[in-house]
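Engineer: My structure file entry-v3.txt, compact mmCIF, C-alpha atoms, is below:
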# COMPACT_ATOMS: atom_id res chain seq x y z
CA MET A 1 0.00 0.00 0.00
CA THR A 2 1.53 3.29 -1.10
CA SER A 3 0.96 6.65 0.54
CA HIS A 4 -0.43 9.39 -1.73
CA SER A 5 -1.15 13.01 -1.02
CA GLY A 6 -4.40 13.90 0.70
CA LYS A 7 -5.70 15.54 3.85
CA SER A 8 -3.46 14.84 6.84
CA PHE A 9 -4.55 14.07 10.41
CA SER A 10 -2.61 13.96 13.64
CA ALA A 11 -3.82 12.93 17.09
CA ASN A 12 -2.82 10.61 19.93
CA ASN A 13 0.74 10.34 18.55
CA VAL A 14 -0.67 8.99 15.27
CA ASN A 15 -0.13 10.62 11.90
CA ALA A 16 -2.61 9.62 9.20
CA ILE A 17 -3.57 10.62 5.69
CA ASP A 18 -6.78 10.50 3.69
CA CYS A 19 -5.08 8.60 0.89
CA VAL A 20 -6.22 9.51 -2.63
CA HIS A 21 -4.87 6.26 -4.09
CA CYS A 22 -6.25 3.85 -1.45
CA GLY A 23 -9.56 5.64 -0.95
CA PHE A 24 -9.44 5.46 2.85
CA VAL A 25 -7.51 6.89 5.79
CA HIS A 26 -4.34 5.13 6.92
CA GLN A 27 -1.27 5.90 8.97
CA ASP A 28 1.47 7.83 7.21
CA PRO A 29 4.10 6.50 7.01
CA ILE A 30 2.62 3.02 6.97
CA PRO A 31 4.19 0.96 9.78
CA ASN A 32 5.39 -2.62 9.49
CA VAL A 33 3.27 -4.30 12.14
CA ALA A 34 4.00 -7.99 11.54
CA ALA A 35 6.36 -8.42 14.50
CA ARG A 36 4.03 -6.49 16.82
CA TYR A 37 1.12 -8.85 16.25
CA ARG A 38 3.32 -11.92 16.41
CA GLU A 39 5.03 -11.06 19.69
CA GLN A 40 3.33 -8.33 21.74
CA PHE A 41 -0.27 -7.59 20.76
CA TYR A 42 -1.92 -9.67 23.47
CA ALA A 43 0.92 -9.39 25.97
CA ILE A 44 1.39 -5.60 25.77
CA ASP A 45 -1.28 -3.91 23.66
CA LYS A 46 -4.25 -5.97 24.92
CA PRO A 47 -3.16 -7.70 28.13
CA ASN A 48 -6.78 -8.17 29.31
CA TYR A 49 -8.05 -9.59 26.01
CA LEU A 50 -8.62 -13.20 27.08
CA LYS A 51 -10.20 -12.12 30.38
CA GLU A 52 -12.57 -9.80 28.51
CA ILE A 53 -13.51 -12.61 26.11
CA GLN A 54 -14.62 -14.75 29.05
CA ARG A 55 -16.54 -11.83 30.54
CA ASP A 56 -18.37 -11.26 27.24
CA LEU A 57 -18.77 -14.90 26.20
CA GLU A 58 -22.58 -15.09 26.54
CA TRP A 59 -23.00 -11.89 24.51
CA LEU A 60 -20.45 -12.96 21.87
CA LEU A 61 -22.17 -16.29 21.28
CA ASN A 62 -25.77 -15.10 21.45
CA VAL A 63 -25.52 -11.66 19.83
CA GLN A 64 -22.37 -10.88 17.91
CA HIS A 65 -21.66 -14.29 16.36
CA ARG A 66 -25.37 -14.96 15.89
CA LEU A 67 -25.66 -11.77 13.80
CA GLU A 68 -22.64 -12.92 11.79
CA LEU A 69 -24.37 -16.24 11.10
CA VAL A 70 -27.45 -14.32 9.94
CA LEU A 71 -25.24 -12.43 7.49
CA ILE A 72 -23.68 -15.64 6.20
CA GLY A 73 -27.08 -17.24 5.73
CA THR A 74 -26.06 -20.91 5.69
CA MET A 75 -23.34 -22.48 7.81
CA PRO A 76 -20.51 -23.29 5.38
CA LYS A 77 -18.96 -26.73 5.08
CA THR A 78 -15.45 -25.27 5.34
CA ALA A 79 -14.30 -22.03 6.97
CA LEU A 80 -11.13 -20.15 7.84
CA ASP A 81 -11.07 -17.62 10.68
CA VAL A 82 -8.18 -15.21 10.10
CA GLY A 83 -7.08 -13.56 13.33
CA CYS A 84 -9.01 -16.14 15.34
CA GLY A 85 -7.70 -14.89 18.71
CA SER A 86 -9.23 -16.82 21.60
CA GLY A 87 -10.93 -19.29 19.23
CA VAL A 88 -14.56 -18.60 20.20
CA PHE A 89 -15.74 -18.49 16.57
CA LEU A 90 -13.69 -21.60 15.75
CA ARG A 91 -15.36 -23.61 18.50
CA LEU A 92 -18.81 -22.33 17.54
CA CYS A 93 -18.36 -23.39 13.91
CA LYS A 94 -17.00 -26.76 14.98
CA THR A 95 -20.03 -27.47 17.17
CA MET A 96 -22.23 -26.68 14.15
CA GLY A 97 -20.49 -29.29 12.00
CA CYS A 98 -18.25 -26.96 10.03
CA ASP A 99 -14.72 -28.04 9.07
CA VAL A 100 -13.02 -24.92 10.40
CA GLU A 101 -9.40 -23.77 10.67
CA GLY A 102 -7.81 -20.60 11.98
CA VAL A 103 -4.95 -18.18 11.47
CA GLU A 104 -3.39 -16.52 14.51
CA PRO A 105 0.02 -14.78 14.30
CA ASP A 106 0.53 -14.57 18.08
CA ASP A 107 2.84 -17.47 18.91
CA SER A 108 1.63 -18.15 22.44
CA VAL A 109 -2.10 -17.83 21.68
CA ARG A 110 -1.74 -20.05 18.60
CA ALA A 111 0.12 -22.68 20.61
CA GLY A 112 -2.71 -22.77 23.15
CA LEU A 113 -5.31 -23.28 20.44
CA GLN A 114 -3.26 -26.03 18.81
CA LYS A 115 -2.86 -27.75 22.18
CA GLU A 116 -6.65 -27.73 22.40
CA GLY A 117 -6.75 -29.69 19.13
CA LEU A 118 -7.77 -26.82 16.84
CA SER A 119 -6.12 -26.45 13.44
CA VAL A 120 -4.49 -23.01 13.53
CA TYR A 121 -1.76 -21.57 11.30
CA ALA A 122 0.59 -18.63 11.77
CA ASP A 123 -0.19 -17.10 8.37
CA VAL A 124 -2.78 -17.34 5.59
CA THR A 125 -0.06 -18.50 3.19
CA GLU A 126 0.37 -21.69 5.26
CA THR A 127 -3.19 -22.87 4.61
CA GLY A 128 -3.53 -25.55 1.95
CA LYS A 129 -7.21 -25.85 1.05
CA ARG A 130 -10.12 -23.80 -0.23
CA TYR A 131 -12.89 -22.52 2.00
CA ASP A 132 -16.56 -21.68 1.59
CA LEU A 133 -16.16 -18.86 4.12
CA ILE A 134 -13.17 -16.80 5.22
CA ARG A 135 -13.73 -14.54 8.21
CA LEU A 136 -11.54 -11.52 9.01
CA ALA A 137 -12.95 -9.87 12.13
CA TRP A 138 -11.10 -6.82 13.50
CA VAL A 139 -8.08 -7.70 11.37
CA MET A 140 -8.10 -5.36 8.38
CA GLU A 141 -7.55 -2.20 10.42
CA HIS A 142 -4.27 -3.62 11.74
CA LEU A 143 -2.61 -4.53 8.44
CA SER A 144 0.15 -2.75 6.55
CA ASP A 145 -1.38 -3.94 3.27
CA PRO A 146 -5.07 -4.87 3.61
CA ALA A 147 -5.52 -5.25 -0.16
CA GLU A 148 -2.83 -7.93 -0.22
CA MET A 149 -4.60 -9.82 2.56
CA ILE A 150 -7.83 -9.68 0.57
CA ALA A 151 -5.97 -11.08 -2.46
CA GLN A 152 -4.50 -13.93 -0.39
CA CYS A 153 -7.93 -14.81 1.00
CA ARG A 154 -9.67 -14.61 -2.36
CA ALA A 155 -7.16 -17.13 -3.72
CA ARG A 156 -8.32 -19.56 -1.03
CA LEU A 157 -12.06 -19.17 -1.52
CA SER A 158 -13.97 -22.01 -3.12
CA GLU A 159 -16.27 -21.22 -6.04
CA GLY A 160 -19.13 -19.15 -4.69
CA GLY A 161 -17.27 -18.62 -1.40
CA LYS A 162 -17.78 -15.55 0.77
CA LEU A 163 -15.69 -13.22 2.88
CA LEU A 164 -17.04 -12.07 6.23
CA LEU A 165 -15.29 -8.85 7.21
CA VAL A 166 -15.62 -6.88 10.44
CA VAL A 167 -13.96 -3.47 10.79
CA PRO A 168 -14.44 -0.43 13.02
CA ASN A 169 -16.68 2.24 11.49
CA ASP A 170 -14.51 5.33 11.87
CA PHE A 171 -14.94 8.92 10.72
CA SER A 172 -18.70 8.33 11.09
CA PRO A 173 -21.12 11.24 11.75
CA PRO A 174 -21.74 10.37 15.44
CA GLN A 175 -17.98 10.22 16.04
CA GLY A 176 -17.49 13.67 14.58
CA ILE A 177 -20.31 15.15 16.66
CA ALA A 178 -19.04 13.47 19.85
CA ALA A 179 -15.50 14.68 19.17
CA ARG A 180 -16.69 18.28 18.87
CA LYS A 181 -18.89 18.00 21.97
CA LEU A 182 -16.02 16.65 24.10
CA GLY A 183 -13.24 18.69 22.52
CA LYS A 184 -11.40 15.47 21.62
CA PRO A 185 -10.75 15.64 17.87
CA LEU A 186 -9.96 12.33 16.18
CA TYR A 187 -10.11 10.45 19.47
CA TRP A 188 -10.49 7.17 17.52
CA LEU A 189 -6.98 7.33 16.05
CA HIS A 190 -4.84 4.69 17.75
CA ASP A 191 -1.36 3.44 17.00
CA THR A 192 -2.54 -0.19 16.73
CA HIS A 193 -4.94 0.78 13.94
CA VAL A 194 -3.20 1.37 10.63
CA ASN A 195 -6.37 1.77 8.50
CA TYR A 196 -9.71 3.57 8.98
CA TRP A 197 -12.93 2.98 7.03
CA ASN A 198 -16.57 3.97 7.21
CA THR A 199 -19.50 2.38 5.37
CA LYS A 200 -19.00 4.25 2.10
CA ARG A 201 -15.20 3.98 2.03
CA PHE A 202 -15.20 0.29 2.86
CA GLU A 203 -17.48 -0.44 -0.08
CA ILE A 204 -15.13 1.57 -2.32
CA PHE A 205 -12.16 -0.39 -0.97
CA LEU A 206 -13.88 -3.70 -1.65
CA ASN A 207 -14.69 -2.60 -5.20
CA LYS A 208 -11.01 -1.77 -5.74
CA CYS A 209 -10.31 -5.36 -4.67
CA ASP A 210 -12.87 -6.64 -7.24
CA LEU A 211 -15.33 -7.57 -4.52
CA ARG A 212 -18.92 -6.55 -3.90
CA ALA A 213 -20.54 -5.99 -0.53
CA VAL A 214 -23.73 -8.06 -0.71
CA LEU A 215 -24.92 -7.45 2.84
CA MET A 216 -23.86 -5.03 5.57
CA MET A 217 -24.82 -4.60 9.21
CA ALA A 218 -23.49 -2.25 11.87
CA SER A 219 -23.33 -2.67 15.62
CA PHE A 220 -24.77 -0.28 18.20
CA PRO A 221 -23.26 3.23 17.89
CA MET A 222 -21.41 3.51 21.19
CA GLU A 223 -20.79 7.21 20.42
CA TRP A 224 -24.40 7.82 21.41
CA PHE A 225 -23.35 7.28 25.02
CA LEU A 226 -20.78 10.08 24.63
CA LEU A 227 -23.53 12.35 23.30
CA MET A 228 -25.68 11.44 26.33
CA GLY A 229 -22.94 12.53 28.73
CA GLN A 230 -21.43 9.11 29.49
CA ASN A 231 -17.78 9.95 28.81
CA TYR A 232 -16.18 6.52 28.60
CA LEU A 233 -13.14 8.01 26.86
CA SER A 234 -11.94 9.61 30.09
CA ASN A 235 -13.25 7.07 32.59
CA PRO A 236 -12.71 3.30 32.17
CA GLU A 237 -15.38 2.58 34.78
CA VAL A 238 -17.93 4.42 32.66
CA GLY A 239 -16.71 2.36 29.72
CA GLU A 240 -17.38 -0.86 31.61
CA MET A 241 -20.83 0.39 32.61
CA VAL A 242 -22.02 1.42 29.14
CA HIS A 243 -20.59 -1.77 27.63
CA ALA A 244 -22.64 -3.76 30.15
CA TRP A 245 -25.75 -1.71 29.26
CA ARG A 246 -25.23 -2.38 25.57
CA LYS A 247 -24.76 -6.13 26.15
CA GLU A 248 -27.89 -6.41 28.30
CA MET A 249 -29.97 -4.46 25.77
CA GLU A 250 -28.85 -6.66 22.86
CA LEU A 251 -29.19 -9.94 24.77
CA THR A 252 -32.74 -8.95 25.75
CA MET A 253 -33.61 -7.97 22.17
CA MET A 254 -32.18 -11.23 20.83
CA ARG A 255 -34.26 -13.24 23.33
CA GLU A 256 -37.48 -11.29 22.89
CA ASN A 257 -37.41 -10.16 19.26
CA PRO A 258 -34.30 -11.12 17.26
CA GLY A 259 -35.82 -9.77 14.06
CA ALA A 260 -35.89 -6.28 15.55
CA LEU A 261 -32.19 -6.44 16.44
CA ILE A 262 -31.31 -7.71 12.96
CA GLU A 263 -33.39 -4.96 11.32
CA GLN A 264 -31.80 -2.36 13.59
CA SER A 265 -28.31 -3.54 12.62
CA LEU A 266 -29.17 -3.34 8.92
CA ARG A 267 -30.59 0.16 9.34
CA PHE A 268 -27.54 1.37 11.24
CA ALA A 269 -25.33 0.33 8.33
CA HIS A 270 -27.67 1.94 5.80
CA ALA A 271 -27.48 5.19 7.77
CA GLY A 272 -23.68 5.03 7.99
CA ILE A 273 -23.63 4.79 11.77
CA GLY A 274 -22.65 2.07 14.24
CA ARG A 275 -19.42 1.23 16.05
CA ASP A 276 -18.40 -1.70 13.81
CA LEU A 277 -19.27 -2.83 10.30
CA PHE A 278 -20.12 -6.45 9.50
CA VAL A 279 -19.88 -7.09 5.77
CA VAL A 280 -20.35 -10.12 3.56
CA ALA A 281 -18.46 -9.73 0.28
CA GLU A 282 -18.17 -11.92 -2.78
Show how you would write the structure in this file as structure tokens.

Structural biologist:
Amino acid sequence: MTSHSGKSFSANNVNAIDCVHCGFVHQDPIPNVAARYREQFYAIDKPNYLKEIQRDLEWLLNVQHRLELVLIGTMPKTALDVGCGSGVFLRLCKTMGCDVEGVEPDDSVRAGLQKEGLSVYADVTETGKRYDLIRLAWVMEHLSDPAEMIAQCRARLSEGGKLLLVVPNDFSPPQGIAARKLGKPLYWLHDTHVNYWNTKRFEIFLNKCDLRAVLMMASFPMEWFLLMGQNYLSNPEVGEMVHAWRKEMELTMMRENPGALIEQSLRFAHAGIGRDLFVVAE
């Protein structure tokens, strides 16, 4: 990915550019992050990751991953989860009869998953089969060359296969309003995130990769809490509280009226709002 002139941004010790060539915002210069995600991401950047996964397990299984399965439509026979982390999605697919494998660059996390009996590789290039579904959830924003990753995954899709992509929805209208209200411009820039997309720019990016977004959802716009005076940016305890509120709301909706939650997620994406984008591309 090559940097081209465009509007520049700087915040939180991150320099970024609205790249004319790429069609989205990315760090400038573009860092080489391979070693970081192989050796220190969970140990240094996200030391509480596995603990948080256990805390959120009920919500992950019954809301987040359930919405992903709605997007997919039919459970695939074969799947690859790139950036599989703790392995929650791997185990879910396995219990549903899917022949699933994973990719996890972190040496220690990968070793733990392999010890559990899961088939997990260090890199996409090590995989040796074709898959009906390849999932990249919260991966693309971390990559030095996301288009190259898309190309590697496309080469491993079976005929008619799908990509399931999850990325943060940044530079969205609620973010901009919240940033002005709090006097925290570009608060979403973070040194672990190389790339930044919103709904429109992610579709443009996919088109540049010869893909088409066939279905898109978006998760609850957490920025609304900032606009309601719940400043989780400055207070981690507030962050824990509003995250718990969001989980309880979505778990209740999924129990009582899952169709309403699905429709809400589709409408969020259509409106260009929501914290994260969930996209099926083919």

Engineer: Could you check which of A:Leu261, A:Val70, A:Cys84, A:Val238 is closest to A:Leu215, using all atoms listed in the file?

Structural biologist: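 The shortest atom-to-atom distance to A:Leu215 comes from A:Val70.
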
Engineer: Hey, what's within 9 Å of A:Trp188 if we count all atoms listed in the file and toss same-chain stuff fewer than 4 positions away? As a list in words, please?

Structural biologist: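 Within the cut-off, the hits are Ala11, Asn12, Asp170, Phe171 and Gln175 of chain A.
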
Engineer: Give me, as an NGL selection string, all polymer residues having an atom no more than 12 Å from A:Gly87, counting only C-alpha atoms and skipping those fewer than 6 positions away in the same chain.

Structural biologist: :A and (50 or 53-54 or 57 or 60-61 or 80-81 or 93-94 or 100-104 or 109-114 or 116-120 or 137)

Engineer: At a cut-off of 12 Å, using all atoms listed in the file, what residues contact A:Ser234? Leave out same-chain residues fewer than 6 positions from it and give the result as a PyMOL selection string.

Structural biologist: chain A and resi 182-184+187+226+240

Engineer: Give the answer as one residue: which of A:Ala281, A:Val88, A:Ile177, A:Ile30 has the shortest atom-to-atom distance to A:Pro146, using only C-alpha atoms?

Structural biologist: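 Looking at the shortest contact to A:Pro146, the residue is A:Ile30.
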
Engineer: Could you check which of A:Leu67, A:Gly274, A:Val14, A:Pro31 is closest to A:Pro258, using all atoms listed in the file?

Structural biologist: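 Once distances to A:Pro258 are computed over all atoms listed in the file, the minimum belongs to A:Leu67.
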
Engineer: Which of these, A:Gly73, A:Pro29, A:Gly97, A:Pro173, has the shortest distance to A:Asn15 once you count only C-alpha atoms?

Structural biologist: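 For A:Asn15, the nearest of the given residues is A:Pro29.
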
Engineer: Measuring between all atoms listed in the file, which one of A:Leu277, A:Met241, A:Glu141, A:Glu250 shows the shortest distance to A:His190?

Structural biologist: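 Distance minimum relative to A:His190 lands on A:Glu141.
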
Engineer: For a quick check of understanding, using only C-alpha atoms, which of A:Ser144, A:Arg135, A:Arg130, A:Gly6 has the smallest distance to A:Thr192?

Structural biologist: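 Closest to A:Thr192 of all the choices is A:Ser144.
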
Engineer: Got a sec: who's within 12 Å of A:Lys162, counting all atoms listed in the file, leaving out chain neighbours fewer than 6 positions off, as a PyMOL selection string?

Structural biologist: chain A and resi 71-76+78-80+130-136+150+153-156+211-215+279-282

Engineer: I need the residues from that last selection saved to file as an mmCIF file, in the coordinates of the input (with C-alpha atoms), if you can.

Structural biologist:
data_model
loop_
_atom_site.group_PDB
_atom_site.id
_atom_site.type_symbol
_atom_site.label_atom_id
_atom_site.label_comp_id
_atom_site.auth_asym_id
_atom_site.auth_seq_id
_atom_site.Cartn_x
_atom_site.Cartn_y
_atom_site.Cartn_z
ATOM 1 C CA LEU A 71 -25.240 -12.430 7.490
ATOM 2 C CA ILE A 72 -23.680 -15.640 6.200
ATOM 3 C CA GLY A 73 -27.080 -17.240 5.730
ATOM 4 C CA THR A 74 -26.060 -20.910 5.690
ATOM 5 C CA MET A 75 -23.340 -22.480 7.810
ATOM 6 C CA PRO A 76 -20.510 -23.290 5.380
ATOM 7 C CA THR A 78 -15.450 -25.270 5.340
ATOM 8 C CA ALA A 79 -14.300 -22.030 6.970
ATOM 9 C CA LEU A 80 -11.130 -20.150 7.840
ATOM 10 C CA ARG A 130 -10.120 -23.800 -0.230
ATOM 11 C CA TYR A 131 -12.890 -22.520 2.000
ATOM 12 C CA ASP A 132 -16.560 -21.680 1.590
ATOM 13 C CA LEU A 133 -16.160 -18.860 4.120
ATOM 14 C CA ILE A 134 -13.170 -16.800 5.220
ATOM 15 C CA ARG A 135 -13.730 -14.540 8.210
ATOM 16 C CA LEU A 136 -11.540 -11.520 9.010
ATOM 17 C CA ILE A 150 -7.830 -9.680 0.570
ATOM 18 C CA CYS A 153 -7.930 -14.810 1.000
ATOM 19 C CA ARG A 154 -9.670 -14.610 -2.360
ATOM 20 C CA ALA A 155 -7.160 -17.130 -3.720
ATOM 21 C CA ARG A 156 -8.320 -19.560 -1.030
ATOM 22 C CA LEU A 211 -15.330 -7.570 -4.520
ATOM 23 C CA ARG A 212 -18.920 -6.550 -3.900
ATOM 24 C CA ALA A 213 -20.540 -5.990 -0.530
ATOM 25 C CA VAL A 214 -23.730 -8.060 -0.710
ATOM 26 C CA LEU A 215 -24.920 -7.450 2.840
ATOM 27 C CA VAL A 279 -19.880 -7.090 5.770
ATOM 28 C CA VAL A 280 -20.350 -10.120 3.560
ATOM 29 C CA ALA A 281 -18.460 -9.730 0.280
ATOM 30 C CA GLU A 282 -18.170 -11.920 -2.780
#

Engineer: Please indicate the distance in Å from atom CA of A:Ser172 to atom CA of A:Thr199, rounded to one decimal place.

Structural biologist: 8.3 Å

Engineer: If you measure from atom CA of A:Ser219 to atom CA of A:Glu159, what distance in Å do you get, rounded to one decimal?

Structural biologist: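 Taking atom CA of A:Ser219 and atom CA of A:Glu159, their separation equals 29.4 Å.
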